[in-house]
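S.K.: First the structure, which I've put down as structure tokens, then a few questions once you've had a look.
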Amino acid sequence: MQKGDVRAVENPITAIFDLAEDVEKRAPKIRVSIQYARIFIAFGLLLDAIMIVLLAEAKGLAVLLTVLMFLLVYLRRWLPDATSRSVVLALALVAGAFDVMTFRDAGFLFGVILVPFFFLGLVTLGYLREVHAFFEYYALRHRIVKSVRDEDPVAYIPDGKDATQRVLAFLASRNPAVAEVLRAPGAVSPPGILRGRTGMMYQFDAYVQAPPTGLRGFLGFGSPGSTIFVKSFGAPPSLTDFQAIKRAIEDVSMATGVPPARVIAVWKAGADAKLSDEAYEFVTKEVVRVSLLGKVHECSLQSIEENPDGTYDFIPFIPEAMPGASAFGVARPT
């Protein structure tokens, strides 16, 4: 970390990149410190829970209430909105209040000390998890921005019988993980109909899936897998097209249980063809958002234009094979 007067700025743009790189360099050490803090607090909470059970008068009830308080605070992170999280937190407080009442006479003072400490420790662990996720996300974001800055600005269109096959070949040439999955039998679904969770049917020109690994389907552990959706257009996609793609992919992903990693609308540019202002605004600001097993996965929509000069134009640009990203690119779980 550089020392000096923090107010002194010579070139704002250079200073921003220098600051980001400095933070990214220190991020691993900060993450390790956070992990140590989480382990220390978790060990303290374990001792606290043991003391609560040993010193409580109604030991069986103390065990049940302590476990209930832990489960409520732990499950709070999986809830989708602030209102439900607040309700569950209030229920955990009520469970804690009853837990204090399991102490009698002289031991009541221990209950007043141990139970609130246990509750605050659980909440603190949740905040540390959020801090850890914060550094993970922004360190990855910095690496992505840096890779875009260093990337070759010209991307040439590979050979292929149609726009869909060409864009898949391009992704495979840039991302070894995509190339490996494309070689697997049955990984690429031909143009066809996909069913969503609502029962609606949606048509895509290509659907590529890297299946979940580990115990993801049973216990939620392991990689959630990744999918690539490709839809080809003969003209620039409209705002309505992008809105329909977003709804379709969210519905299909909820049905399959596999989050999207790339959502591509590929089209061939004509003489004066370009995205409308509304479509451009939508594709650069909106994301496909899917909640699976309590985690929200976000994936950008991407317009890929085939130019007459044999190059691609990306809106937005998404780098390939980033460290810390999913197999098919960057899809952020929160």
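A note on labels: chains of the structure tokens are A, B, ... as shown, every chain counts residues from 1, and ligands are counted from 1 in their shown order.
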Can you list, as a PyMOL selection string, every protein, DNA or RNA residue that comes within 9 Å of range 125-135 of chain A when you count only C-alpha atoms, leaving out same-chain residues fewer than 4 positions away?

M.R.: chain A and resi 24+27-28+30-31+34-35+37-38+41-42+73-74+77+120-121+139-140+334

S.K.: Go ahead and dump the residues you just picked, N, CA and C atoms, as a PDB file, in the first residue's frame.

M.R.:
```
ATOM      1  N   GLU A  24      -6.817  -4.779  -5.203  1.00  0.00           N
ATOM      2  CA  GLU A  24      -6.850  -6.157  -5.698  1.00  0.00           C
ATOM      3  C   GLU A  24      -5.652  -6.956  -5.188  1.00  0.00           C
ATOM      4  N   ALA A  27      -6.385  -7.829  -1.596  1.00  0.00           N
ATOM      5  CA  ALA A  27      -7.609  -8.591  -1.359  1.00  0.00           C
ATOM      6  C   ALA A  27      -7.353  -9.991  -0.803  1.00  0.00           C
ATOM      7  N   PRO A  28      -6.367 -10.761  -1.316  1.00  0.00           N
ATOM      8  CA  PRO A  28      -6.144 -12.103  -0.742  1.00  0.00           C
ATOM      9  C   PRO A  28      -5.828 -12.069   0.747  1.00  0.00           C
ATOM     10  N   ILE A  30      -6.716  -9.749   2.861  1.00  0.00           N
ATOM     11  CA  ILE A  30      -7.933  -9.354   3.574  1.00  0.00           C
ATOM     12  C   ILE A  30      -8.893 -10.530   3.678  1.00  0.00           C
ATOM     13  N   ARG A  31      -9.008 -11.310   2.593  1.00  0.00           N
ATOM     14  CA  ARG A  31      -9.897 -12.473   2.625  1.00  0.00           C
ATOM     15  C   ARG A  31      -9.437 -13.485   3.666  1.00  0.00           C
ATOM     16  N   ILE A  34     -10.386 -12.234   7.053  1.00  0.00           N
ATOM     17  CA  ILE A  34     -11.818 -12.425   7.298  1.00  0.00           C
ATOM     18  C   ILE A  34     -12.106 -13.879   7.652  1.00  0.00           C
ATOM     19  N   GLN A  35     -11.451 -14.800   6.957  1.00  0.00           N
ATOM     20  CA  GLN A  35     -11.663 -16.218   7.250  1.00  0.00           C
ATOM     21  C   GLN A  35     -11.209 -16.564   8.664  1.00  0.00           C
ATOM     22  N   ALA A  37     -11.119 -14.523  11.168  1.00  0.00           N
ATOM     23  CA  ALA A  37     -12.099 -13.931  12.080  1.00  0.00           C
ATOM     24  C   ALA A  37     -13.358 -14.788  12.161  1.00  0.00           C
ATOM     25  N   ARG A  38     -13.798 -15.317  11.029  1.00  0.00           N
ATOM     26  CA  ARG A  38     -14.989 -16.165  11.027  1.00  0.00           C
ATOM     27  C   ARG A  38     -14.756 -17.447  11.820  1.00  0.00           C
ATOM     28  N   ILE A  41     -14.712 -16.549  15.590  1.00  0.00           N
ATOM     29  CA  ILE A  41     -16.056 -16.288  16.110  1.00  0.00           C
ATOM     30  C   ILE A  41     -16.866 -17.579  16.173  1.00  0.00           C
ATOM     31  N   ALA A  42     -16.735 -18.426  15.156  1.00  0.00           N
ATOM     32  CA  ALA A  42     -17.474 -19.689  15.153  1.00  0.00           C
ATOM     33  C   ALA A  42     -17.061 -20.567  16.338  1.00  0.00           C
ATOM     34  N   VAL A  73     -31.262 -17.636  12.148  1.00  0.00           N
ATOM     35  CA  VAL A  73     -30.284 -16.655  11.661  1.00  0.00           C
ATOM     36  C   VAL A  73     -29.571 -17.179  10.420  1.00  0.00           C
ATOM     37  N   TYR A  74     -29.289 -18.483  10.402  1.00  0.00           N
ATOM     38  CA  TYR A  74     -28.597 -19.061   9.248  1.00  0.00           C
ATOM     39  C   TYR A  74     -29.486 -19.053   8.002  1.00  0.00           C
ATOM     40  N   ARG A  77     -30.259 -15.770   5.478  1.00  0.00           N
ATOM     41  CA  ARG A  77     -29.480 -15.365   4.307  1.00  0.00           C
ATOM     42  C   ARG A  77     -30.085 -15.856   2.999  1.00  0.00           C
ATOM     43  N   LEU A 120     -25.569 -12.158  18.833  1.00  0.00           N
ATOM     44  CA  LEU A 120     -24.744 -11.160  18.149  1.00  0.00           C
ATOM     45  C   LEU A 120     -23.616 -11.815  17.356  1.00  0.00           C
ATOM     46  N   GLY A 121     -23.083 -12.916  17.871  1.00  0.00           N
ATOM     47  CA  GLY A 121     -22.042 -13.628  17.140  1.00  0.00           C
ATOM     48  C   GLY A 121     -22.559 -14.193  15.828  1.00  0.00           C
ATOM     49  N   ALA A 139     -12.820  -7.831  -6.424  1.00  0.00           N
ATOM     50  CA  ALA A 139     -11.518  -8.281  -6.926  1.00  0.00           C
ATOM     51  C   ALA A 139     -11.686  -8.938  -8.292  1.00  0.00           C
ATOM     52  N   LEU A 140     -12.734  -9.755  -8.434  1.00  0.00           N
ATOM     53  CA  LEU A 140     -13.010 -10.368  -9.732  1.00  0.00           C
ATOM     54  C   LEU A 140     -13.386  -9.306 -10.757  1.00  0.00           C
ATOM     55  N   THR A 334     -25.030 -14.236  -5.661  1.00  0.00           N
ATOM     56  CA  THR A 334     -25.025 -13.330  -4.526  1.00  0.00           C
ATOM     57  C   THR A 334     -25.770 -13.948  -3.361  1.00  0.00           C
TER      58      THR A 334
END
```

S.K.: For Val288 in chain A, list every protein, DNA or RNA residue within 12 Å, evaluated using only C-alpha atoms, and leave out those in the same chain fewer than 5 positions away; present the list as number ranges by chain.

M.R.: A: 229, 242-254, 259-264, 282-283, 296-302, 331-333

S.K.: Quick check for you: according to DSSP on this backbone, which residues of range 89-281 of chain A are classed as alpha helix (DSSP H)? Reply as a ChimeraX atom specification.

M.R.: /A:89-100,108-150,163-174,176-183,216-219,239-256,277-281

S.K.: Between CA of Thr66 in chain A and CA of Leu79 in chain A, what distance in Å does the model show, to one decimal?

M.R.: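 Going from CA of Thr66 in chain A over to CA of Leu79 in chain A, I get 20.6 Å.
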
S.K.: Name the residues of range 88-315 of chain A that fall into strand (DSSP E) according to DSSP on the backbone, using the chain letters and numbers of this document, as number ranges by chain.

M.R.: A: 188-189, 192-195, 201-204, 206-210, 226-233, 260-268, 287-292, 295-306, 312-315

S.K.: Write out as a PyMOL selection string each polymer residue whose atoms come within 6 Å of range 43-53 of chain A, counting only C-alpha atoms; drop sequence neighbours fewer than 6 positions from it.

M.R.: chain A and resi 59+62+118

S.K.: What are the closest atom pairs, with distances in Å to one decimal, for each residue of range 138-216 of chain A lying within 10 Å of range 305-309 of chain A, using only C-alpha atoms, rows by chain and rising residue number, as a tab-separated table?

M.R.:
```
residue	atom	partner	partner_atom	distance
A:Tyr156	CA	A:Asp309	CA	8.9
A:Ile157	CA	A:Glu306	CA	7.4
A:Ala163	CA	A:Glu306	CA	8.0
A:Arg166	CA	A:Glu306	CA	9.8
A:Val167	CA	A:Glu306	CA	9.4
```

S.K.: Would you mind reading off the distance between CA of Ala155 in chain A and CA of Val230 in chain A, one decimal, in Å?

M.R.: 18.1 Å
